[in-house]
Each structure stands twice: as structure tokens, then as C-alpha cells.
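**Q** For reference, the file upload.csv (CSV, C-alpha atoms and all ligand atoms) is included below:
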chain,number,residue,atom,x,y,z
A,1,MET,CA,0.0,0.0,0.0
A,2,LYS,CA,1.3,3.5,-0.9
A,3,CYS,CA,1.4,5.8,2.1
A,4,VAL,CA,1.3,9.6,2.1
A,5,PRO,CA,4.5,11.1,3.7
A,6,ARG,CA,4.3,11.1,7.4
A,7,ALA,CA,5.1,14.8,7.9
A,8,PHE,CA,2.1,15.7,5.7
A,9,LEU,CA,-0.1,13.2,7.7
A,10,LEU,CA,1.1,14.8,11.0
A,11,THR,CA,0.2,18.3,9.8
A,12,LEU,CA,-3.2,17.1,8.7
A,13,LEU,CA,-3.8,15.2,11.9
A,14,THR,CA,-2.8,18.2,14.0
A,15,PHE,CA,-5.4,20.4,12.3
A,16,TRP,CA,-7.9,17.6,12.6
A,17,HIS,CA,-7.1,17.2,16.3
A,18,ILE,CA,-7.7,20.9,17.0
A,19,LEU,CA,-10.9,20.8,15.0
A,20,SER,CA,-12.2,17.6,16.7
A,21,LEU,CA,-11.3,19.0,20.1
A,22,SER,CA,-13.4,22.0,19.4
A,23,CYS,CA,-16.3,19.8,18.3
A,24,HIS,CA,-16.4,17.2,21.1
A,25,SER,CA,-15.9,19.7,23.9
A,26,GLN,CA,-18.9,21.7,25.1
A,27,THR,CA,-16.5,23.5,27.5
A,28,TYR,CA,-14.8,24.9,24.5
A,29,TRP,CA,-18.0,26.4,23.0
A,30,SER,CA,-18.9,28.2,26.2
A,31,PHE,CA,-15.4,29.7,26.1
A,32,SER,CA,-15.2,31.2,22.6
A,33,PRO,CA,-17.0,31.5,19.3
A,34,SER,CA,-14.3,30.6,16.9
A,35,PRO,CA,-11.2,28.2,16.8
A,36,GLY,CA,-9.0,31.2,15.8
A,37,LEU,CA,-10.0,33.2,18.9
A,38,PHE,CA,-9.7,30.1,21.1
A,39,VAL,CA,-6.1,29.6,19.9
A,40,SER,CA,-5.1,33.2,20.6
A,41,MET,CA,-6.8,33.1,24.0
A,42,PHE,CA,-5.1,29.8,24.8
A,43,TRP,CA,-1.8,31.3,23.8
A,44,ILE,CA,-2.2,34.2,26.2
A,45,ALA,CA,-3.5,31.8,28.9
A,46,TYR,CA,-0.4,29.6,28.4
A,47,PHE,CA,1.8,32.6,28.9
A,48,LEU,CA,0.1,33.4,32.2
A,49,SER,CA,-0.2,29.9,33.5
A,50,PRO,CA,1.2,26.8,31.7
A,51,ARG,CA,0.1,24.6,34.6
A,52,PHE,CA,-3.5,25.7,34.3
A,53,CYS,CA,-3.5,25.1,30.6
A,54,HIS,CA,-2.0,21.6,30.8
A,55,LYS,CA,-4.7,20.7,33.4
A,56,PHE,CA,-7.4,22.2,31.3
A,57,VAL,CA,-6.2,20.2,28.3
A,58,GLY,CA,-6.0,17.1,30.5
A,59,TYR,CA,-9.7,17.4,31.5
A,60,LEU,CA,-10.6,18.1,27.9
A,61,GLU,CA,-8.8,15.0,26.8
A,62,GLU,CA,-10.5,13.0,29.5
A,63,GLU,CA,-13.8,14.0,27.9
A,64,ALA,CA,-12.5,13.0,24.5
A,65,VAL,CA,-11.7,9.5,25.8
A,66,LYS,CA,-15.3,9.3,27.1
A,67,THR,CA,-16.7,10.5,23.8
A,68,TYR,CA,-14.8,7.8,21.9
A,69,THR,CA,-15.8,5.2,24.4
A,70,HIS,CA,-19.5,6.1,23.8
A,71,CYS,CA,-18.8,6.0,20.1
A,72,ILE,CA,-17.3,2.5,20.3
A,73,GLU,CA,-20.2,1.3,22.5
A,74,SER,CA,-22.7,2.7,20.0
A,75,LEU,CA,-20.9,1.0,17.2
A,76,ASP,CA,-21.0,-2.4,19.1
A,77,LYS,CA,-24.7,-1.9,19.9
A,78,GLY,CA,-25.4,-1.5,16.2
A,79,GLU,CA,-26.4,2.1,16.4
A,80,LEU,CA,-23.8,3.3,13.9
A,81,LYS,CA,-24.8,1.3,10.8
A,82,MET,CA,-22.7,3.3,8.4
A,83,TRP,CA,-19.4,2.4,10.2
A,84,GLU,CA,-20.2,-1.2,11.0
A,85,ASN,CA,-18.8,-2.6,7.8
A,86,THR,CA,-16.6,0.3,6.8
A,87,LYS,CA,-12.9,-0.4,6.3
A,88,ALA,CA,-10.5,2.1,7.9
A,89,PRO,CA,-9.5,4.9,5.5
A,90,GLN,CA,-6.0,4.5,4.0
A,91,ILE,CA,-4.8,7.6,5.7
A,92,ALA,CA,-5.7,6.2,9.1
A,93,VAL,CA,-4.1,2.8,8.3
A,94,CYS,CA,-0.8,4.6,7.3
A,95,TYR,CA,-0.8,6.9,10.3
A,96,TRP,CA,-1.5,4.4,13.0
A,97,ARG,CA,0.2,1.5,11.1
A,98,LEU,CA,-2.9,-0.6,11.4
A,99,PRO,CA,-3.2,-4.0,9.7
A,100,GLY,CA,-4.4,-3.9,6.1
A,101,ASP,CA,-7.9,-5.3,7.0
A,102,ALA,CA,-8.5,-2.7,9.8
A,103,MET,CA,-12.0,-1.4,10.2
A,104,MET,CA,-13.4,1.9,11.5
A,105,ARG,CA,-13.6,0.4,15.0
A,106,ASP,CA,-9.8,-0.1,15.0
A,107,VAL,CA,-9.4,3.6,14.0
A,108,LEU,CA,-11.6,4.7,17.0
A,109,LEU,CA,-9.6,2.5,19.3
A,110,ALA,CA,-6.3,4.0,18.0
A,111,ILE,CA,-7.6,7.6,18.4
A,112,ARG,CA,-8.9,6.8,21.9
A,113,ALA,CA,-5.5,5.4,22.9
A,114,ASP,CA,-3.8,8.6,21.6
A,115,GLU,CA,-6.2,10.8,23.6
A,116,GLY,CA,-5.6,8.7,26.7
A,117,HIS,CA,-1.9,9.4,26.3
A,118,HIS,CA,-2.5,13.1,25.8
A,119,ARG,CA,-4.6,13.1,29.0
A,120,GLU,CA,-1.8,11.4,30.9
A,121,VAL,CA,1.0,13.7,29.7
A,122,ASN,CA,-0.9,16.9,30.1
A,123,HIS,CA,-2.2,16.1,33.5
A,124,THR,CA,1.3,15.2,34.6
A,125,LEU,CA,2.7,18.4,33.3
A,126,GLY,CA,-0.1,20.4,34.9
A,127,SER,CA,0.6,18.9,38.3
A,128,MET,CA,4.4,19.6,38.3
A,129,ARG,CA,6.3,22.4,40.1
A,130,PRO,CA,8.6,24.6,38.0
A,131,SER,CA,11.7,23.1,39.7
A,132,GLU,CA,10.8,19.5,38.8
A,133,THR,CA,12.4,17.8,35.8
A,134,ASN,CA,10.0,17.0,32.9
A,135,PRO,CA,9.6,13.2,33.2
A,136,PHE,CA,9.0,13.0,29.4
A,137,SER,CA,12.1,14.8,28.4
A,138,TRP,CA,14.2,11.7,28.4
A,139,SER,CA,11.9,9.6,26.3
A,140,MET,CA,11.4,12.5,23.8
A,141,THR,CA,15.2,12.8,23.4
A,142,SER,CA,15.8,9.1,23.0
A,143,HIS,CA,12.9,9.0,20.5
A,144,HIS,CA,14.6,11.6,18.3
A,145,GLN,CA,18.0,10.0,18.6
A,146,TYR,CA,17.1,6.4,17.9
A,147,THR,CA,14.1,6.3,15.5
B,1,LIG,C1,-1.3,17.0,25.3
B,1,LIG,O1,0.0,16.3,25.3
B,1,LIG,C2,0.4,15.7,24.2
B,1,LIG,C3,1.7,14.9,24.4
B,1,LIG,O2,1.4,13.6,24.5
B,1,LIG,C4,0.5,16.7,23.1
B,1,LIG,O3,1.0,16.1,21.9
B,1,LIG,C5,-0.8,17.2,22.8
B,1,LIG,O4,-0.9,18.1,21.7
B,1,LIG,C6,-1.3,17.9,24.1
B,1,LIG,N1,-2.6,18.6,23.9
B,1,LIG,C7,-3.7,18.0,23.4
B,1,LIG,C8,-4.8,19.0,23.2
B,1,LIG,O5,-3.8,16.9,23.2
B,2,FE,FE,-5.4,15.0,22.2
What would you get if you wrote out this structure as C-alpha cells?
Ligand SMILES: *[C@@H]1O[C@H](CO)[C@@H](O)[C@H](O)[C@H]1NC(C)=O
Ligand SMILES: [Fe+2]
**A**
Amino acid sequence: MKCVPRAFLLTLLTFWHILSLSCHSQTYWSFSPSPGLFVSMFWIAYFLSPRFCHKFVGYLEEEAVKTYTHCIESLDKGELKMWENTKAPQIAVCYWRLPGDAMMRDVLLAIRADEGHHREVNHTLGSMRPSETNPFSWSMTSHHQYT
């Protein structure tokens, strides 16, 4: 199977991530009317309190995990007929390195796992004191060096 370059996929997914976050979070809508304004407000908020922002994202991601769980449950209950027999889109197969016969359900599981990881990382960063060492810095460095 031919795969689109990973850098391109990453860019696409980042945009999609921001968009989907704005969709599945009611919190977001009560905060701002447009993604553009949300991003600028978040930027300012991050400048004022990085810890608050990481906690905020942590809770948002927690909601995302719940949303995908509901989604998977609905799929299993037969409430999402259009996805039941749908194969995973090629772009998703490439990005998450899923097996060739992956279905939409596998994509949902992969996204949920990602969001769970985001939740973990952002809550951890949000609970740290400025003097503490970022526990993820080592794994990030080794990731860049060895893969
Ligand atoms: C939360 O943390 C992860 C690191 O795992 C990061 O890539 C992600 O963009 C952060 N924010 C959101 C909204 O997921
Ligand atoms: Fe996320």
C-alpha cells in the first residue's frame, strides 16, 4: 500500500485534532465563538499559567476519551450502521500503522489510545512544580535519537 509522507499526515492530523477537540468539547464552545479566537486566548493563557493550561487540556482529553468510548459502544450496539462494515481509511491505516484489513472500529480504538496518552501527559505536566524535571524529556530525546 502506498502511504502519504508522514510529515504531511502529521500536519493534517494536528489540524484535525484541534478541530475535533473544538467539536467534542462543550466546554470549548462556552469559552469562545471561533477556533481562531480560542487559539489566541489559549496562547495568552499559556503565557500566564502553563500549569492551568495543561490541566485544562488534561480534562478536555478525558472528555475526549469518554466520547470515543461512547462512540465505540454505540458501534458495538449496532447504532452506527454506516461504520459497522466500513474499512479504515487508507490515511488512518498509514498513520497508526494498522493492519491492512483494519475497520473503522480499529481507528476509533487508536484515536482513543492517543487521547488517553495526551490526557496522561498533560495532567502530569499540569501537576508539576517549575523546579521539577519534565519526566517525558528523556523519552522524547531518545525518540529523536534512535528512531
Ligand atoms: C497533550 O499532550 C500531548 C503529548 O502527549 C501533546 O502532543 C498534545 O498536543 C497535548 N494537547 C492536546 C490537546 O492533546
Ligand atoms: Fe489529544
**Q** Could you list, as a PyMOL selection string, every residue within 8 Å of Leu125 (chain A), counting only C-alpha atoms and ignoring same-chain residues fewer than 3 positions away?
**A** chain A and resi 51+54-55+121-122+128+134
**Q** Residues of the last selection are to be written out with C-alpha atoms, as a PDB file, keeping the file's coordinate frame.
**A**
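result01.pdb, freshly written:
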ATOM      1  CA  ARG A  51       0.100  24.600  34.600  1.00  0.00           C
ATOM      2  CA  HIS A  54      -2.000  21.600  30.800  1.00  0.00           C
ATOM      3  CA  LYS A  55      -4.700  20.700  33.400  1.00  0.00           C
ATOM      4  CA  VAL A 121       1.000  13.700  29.700  1.00  0.00           C
ATOM      5  CA  ASN A 122      -0.900  16.900  30.100  1.00  0.00           C
ATOM      6  CA  MET A 128       4.400  19.600  38.300  1.00  0.00           C
ATOM      7  CA  ASN A 134      10.000  17.000  32.900  1.00  0.00           C
TER       8      ASN A 134
END
**Q** So what do you get for CA of Trp83 (chain A) versus CA of Asp114 (chain A), distance-wise?
**A**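 Separation of CA of Trp83 (chain A) and CA of Asp114 (chain A): 20.3 Å.
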**Q** Kindly work out which residues sit at most 9 Å from ligand LIG 1 (chain B), using only C-alpha atoms and all ligand atoms, and give the list as a tab-separated table (two decimals) with C-alpha atoms, keeping the file's coordinate frame.
**A**
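So out16.tsv came out as:
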chain	number	residue	atom	x	y	z
A	14	THR	CA	-2.80	18.20	14.00
A	17	HIS	CA	-7.10	17.20	16.30
A	18	ILE	CA	-7.70	20.90	17.00
A	21	LEU	CA	-11.30	19.00	20.10
A	54	HIS	CA	-2.00	21.60	30.80
A	57	VAL	CA	-6.20	20.20	28.30
A	58	GLY	CA	-6.00	17.10	30.50
A	60	LEU	CA	-10.60	18.10	27.90
A	61	GLU	CA	-8.80	15.00	26.80
A	114	ASP	CA	-3.80	8.60	21.60
A	115	GLU	CA	-6.20	10.80	23.60
A	116	GLY	CA	-5.60	8.70	26.70
A	117	HIS	CA	-1.90	9.40	26.30
A	118	HIS	CA	-2.50	13.10	25.80
A	119	ARG	CA	-4.60	13.10	29.00
A	120	GLU	CA	-1.80	11.40	30.90
A	121	VAL	CA	1.00	13.70	29.70
A	122	ASN	CA	-0.90	16.90	30.10
A	123	HIS	CA	-2.20	16.10	33.50
A	125	LEU	CA	2.70	18.40	33.30
**Q** Please determine, counting all atoms listed in the file, which residue among A:Glu84, A:Ser49, A:Leu37, A:Val65 has the shortest atom-to-atom distance to ligand FE 2 (chain B).
**A**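 Among A:Glu84, A:Ser49, A:Leu37, A:Val65, it is A:Val65 that comes nearest to ligand FE 2 (chain B).
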**Q** So which one's closest to Ala113 (chain A), A:Thr86, A:Pro35, A:Lys66, A:Phe56? Using only C-alpha atoms, please.
**A**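 Answer, going by the shortest atom-to-atom distance: A:Lys66.
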**Q** Which of these residues is nearest to ligand FE 2 (chain B), using only C-alpha atoms and all ligand atoms: A:Lys77, A:Tyr59, A:Ser127, A:Ala45?
**A**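 Looking at the shortest contact to ligand FE 2 (chain B), the residue is A:Tyr59.
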**Q** Counting all atoms listed in the file, which residue out of A:Ala110, A:Ala88, A:Arg97, A:Leu75 sits closest to ligand FE 2 (chain B)?
**A**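 That would be A:Ala110, the residue with the smallest distance to ligand FE 2 (chain B).
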**Q** How many Å lie between CA of Lys87 (chain A) and CA of His70 (chain A), rounded to one decimal?
**A**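 These two atoms are separated by 19.8 Å.
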**Q** Identify which of the residues A:Ile91, A:Met41, A:Leu108, A:Leu48 lies closest to Thr67 (chain A), counting all atoms listed in the file when measuring atom-to-atom distances.
**A**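 Among the listed residues, the smallest separation from Thr67 (chain A) belongs to A:Leu108.
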**Q** With all atoms listed in the file as the basis for distance, which of A:Arg112, A:Lys81, A:Arg129, A:Arg105 is at the shortest distance from ligand FE 2 (chain B)?
**A** A:Arg112
**Q** May I ask for the distance between CA of Pro89 (chain A) and CA of Ala102 (chain A), given in Å to one decimal place?
**A** 8.8 Å
**Q** Is there a way to complete region 98-133 of chain A with N, CA and C atoms and then write that out as an mmCIF file, in the coordinates of the input?
**A**
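result_23.cif, freshly written:
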data_model
loop_
_atom_site.group_PDB
_atom_site.id
_atom_site.type_symbol
_atom_site.label_atom_id
_atom_site.label_comp_id
_atom_site.auth_asym_id
_atom_site.auth_seq_id
_atom_site.Cartn_x
_atom_site.Cartn_y
_atom_site.Cartn_z
ATOM 1 N N LEU A 98 -1.943 0.459 11.090
ATOM 2 C CA LEU A 98 -2.900 -0.600 11.400
ATOM 3 C C LEU A 98 -2.753 -1.705 10.318
ATOM 4 N N PRO A 99 -3.249 -2.903 10.654
ATOM 5 C CA PRO A 99 -3.200 -4.000 9.700
ATOM 6 C C PRO A 99 -4.072 -3.617 8.441
ATOM 7 N N GLY A 100 -3.761 -4.185 7.322
ATOM 8 C CA GLY A 100 -4.400 -3.900 6.100
ATOM 9 C C GLY A 100 -5.949 -4.037 6.108
ATOM 10 N N ASP A 101 -6.423 -4.993 6.942
ATOM 11 C CA ASP A 101 -7.900 -5.300 7.000
ATOM 12 C C ASP A 101 -8.573 -4.510 8.122
ATOM 13 N N ALA A 102 -7.904 -3.456 8.645
ATOM 14 C CA ALA A 102 -8.500 -2.700 9.800
ATOM 15 C C ALA A 102 -9.821 -2.081 9.413
ATOM 16 N N MET A 103 -10.695 -2.002 10.415
ATOM 17 C CA MET A 103 -12.000 -1.400 10.200
ATOM 18 C C MET A 103 -12.092 -0.071 10.959
ATOM 19 N N MET A 104 -13.209 0.645 10.784
ATOM 20 C CA MET A 104 -13.400 1.900 11.500
ATOM 21 C C MET A 104 -13.256 1.776 12.986
ATOM 22 N N ARG A 105 -13.714 0.634 13.505
ATOM 23 C CA ARG A 105 -13.600 0.400 15.000
ATOM 24 C C ARG A 105 -12.170 0.464 15.435
ATOM 25 N N ASP A 106 -11.245 -0.087 14.622
ATOM 26 C CA ASP A 106 -9.800 -0.100 15.000
ATOM 27 C C ASP A 106 -9.291 1.374 14.984
ATOM 28 N N VAL A 107 -9.814 2.200 14.085
ATOM 29 C CA VAL A 107 -9.400 3.600 14.000
ATOM 30 C C VAL A 107 -9.848 4.309 15.319
ATOM 31 N N LEU A 108 -11.100 4.042 15.732
ATOM 32 C CA LEU A 108 -11.600 4.700 17.000
ATOM 33 C C LEU A 108 -10.769 4.234 18.159
ATOM 34 N N LEU A 109 -10.393 2.956 18.200
ATOM 35 C CA LEU A 109 -9.600 2.500 19.300
ATOM 36 C C LEU A 109 -8.205 3.176 19.316
ATOM 37 N N ALA A 110 -7.640 3.373 18.124
ATOM 38 C CA ALA A 110 -6.300 4.000 18.000
ATOM 39 C C ALA A 110 -6.403 5.477 18.458
ATOM 40 N N ILE A 111 -7.458 6.171 18.020
ATOM 41 C CA ILE A 111 -7.600 7.600 18.400
ATOM 42 C C ILE A 111 -7.783 7.687 19.907
ATOM 43 N N ARG A 112 -8.617 6.798 20.455
ATOM 44 C CA ARG A 112 -8.900 6.800 21.900
ATOM 45 C C ARG A 112 -7.556 6.617 22.688
ATOM 46 N N ALA A 113 -6.735 5.694 22.203
ATOM 47 C CA ALA A 113 -5.500 5.400 22.900
ATOM 48 C C ALA A 113 -4.579 6.687 22.845
ATOM 49 N N ASP A 114 -4.568 7.371 21.708
ATOM 50 C CA ASP A 114 -3.800 8.600 21.600
ATOM 51 C C ASP A 114 -4.305 9.643 22.606
ATOM 52 N N GLU A 115 -5.624 9.808 22.656
ATOM 53 C CA GLU A 115 -6.200 10.800 23.600
ATOM 54 C C GLU A 115 -5.914 10.454 25.014
ATOM 55 N N GLY A 116 -5.935 9.158 25.324
ATOM 56 C CA GLY A 116 -5.600 8.700 26.700
ATOM 57 C C GLY A 116 -4.177 9.108 27.047
ATOM 58 N N HIS A 117 -3.289 8.980 26.067
ATOM 59 C CA HIS A 117 -1.900 9.400 26.300
ATOM 60 C C HIS A 117 -1.762 10.872 26.460
ATOM 61 N N HIS A 118 -2.498 11.612 25.649
ATOM 62 C CA HIS A 118 -2.500 13.100 25.800
ATOM 63 C C HIS A 118 -2.966 13.490 27.174
ATOM 64 N N ARG A 119 -4.006 12.806 27.636
ATOM 65 C CA ARG A 119 -4.600 13.100 29.000
ATOM 66 C C ARG A 119 -3.481 12.895 30.019
ATOM 67 N N GLU A 120 -2.807 11.758 29.934
ATOM 68 C CA GLU A 120 -1.800 11.400 30.900
ATOM 69 C C GLU A 120 -0.659 12.435 30.931
ATOM 70 N N VAL A 121 -0.135 12.758 29.751
ATOM 71 C CA VAL A 121 1.000 13.700 29.700
ATOM 72 C C VAL A 121 0.588 15.082 30.160
ATOM 73 N N ASN A 122 -0.565 15.568 29.686
ATOM 74 C CA ASN A 122 -0.900 16.900 30.100
ATOM 75 C C ASN A 122 -1.314 17.068 31.538
ATOM 76 N N HIS A 123 -1.944 16.047 32.103
ATOM 77 C CA HIS A 123 -2.200 16.100 33.500
ATOM 78 C C HIS A 123 -0.930 16.057 34.347
ATOM 79 N N THR A 124 0.012 15.240 33.880
ATOM 80 C CA THR A 124 1.300 15.200 34.600
ATOM 81 C C THR A 124 2.010 16.509 34.567
ATOM 82 N N LEU A 125 2.077 17.114 33.370
ATOM 83 C CA LEU A 125 2.700 18.400 33.300
ATOM 84 C C LEU A 125 2.019 19.469 34.091
ATOM 85 N N GLY A 126 0.688 19.384 34.114
ATOM 86 C CA GLY A 126 -0.100 20.400 34.900
ATOM 87 C C GLY A 126 0.040 20.235 36.358
ATOM 88 N N SER A 127 0.507 19.083 36.823
ATOM 89 C CA SER A 127 0.600 18.900 38.300
ATOM 90 C C SER A 127 2.067 19.088 38.769
ATOM 91 N N MET A 128 2.946 19.519 37.864
ATOM 92 C CA MET A 128 4.400 19.600 38.300
ATOM 93 C C MET A 128 4.706 21.026 38.788
ATOM 94 N N ARG A 129 5.734 21.068 39.652
ATOM 95 C CA ARG A 129 6.300 22.400 40.100
ATOM 96 C C ARG A 129 7.359 22.773 39.084
ATOM 97 N N PRO A 130 7.593 24.110 38.964
ATOM 98 C CA PRO A 130 8.600 24.600 38.000
ATOM 99 C C PRO A 130 9.971 23.976 38.191
ATOM 100 N N SER A 131 10.314 23.611 39.429
ATOM 101 C CA SER A 131 11.700 23.100 39.700
ATOM 102 C C SER A 131 11.829 21.642 39.314
ATOM 103 N N GLU A 132 10.723 20.938 39.093
ATOM 104 C CA GLU A 132 10.800 19.500 38.800
ATOM 105 C C GLU A 132 11.258 19.288 37.330
ATOM 106 N N THR A 133 11.925 18.141 37.122
ATOM 107 C CA THR A 133 12.400 17.800 35.800
ATOM 108 C C THR A 133 11.199 17.167 35.000
#
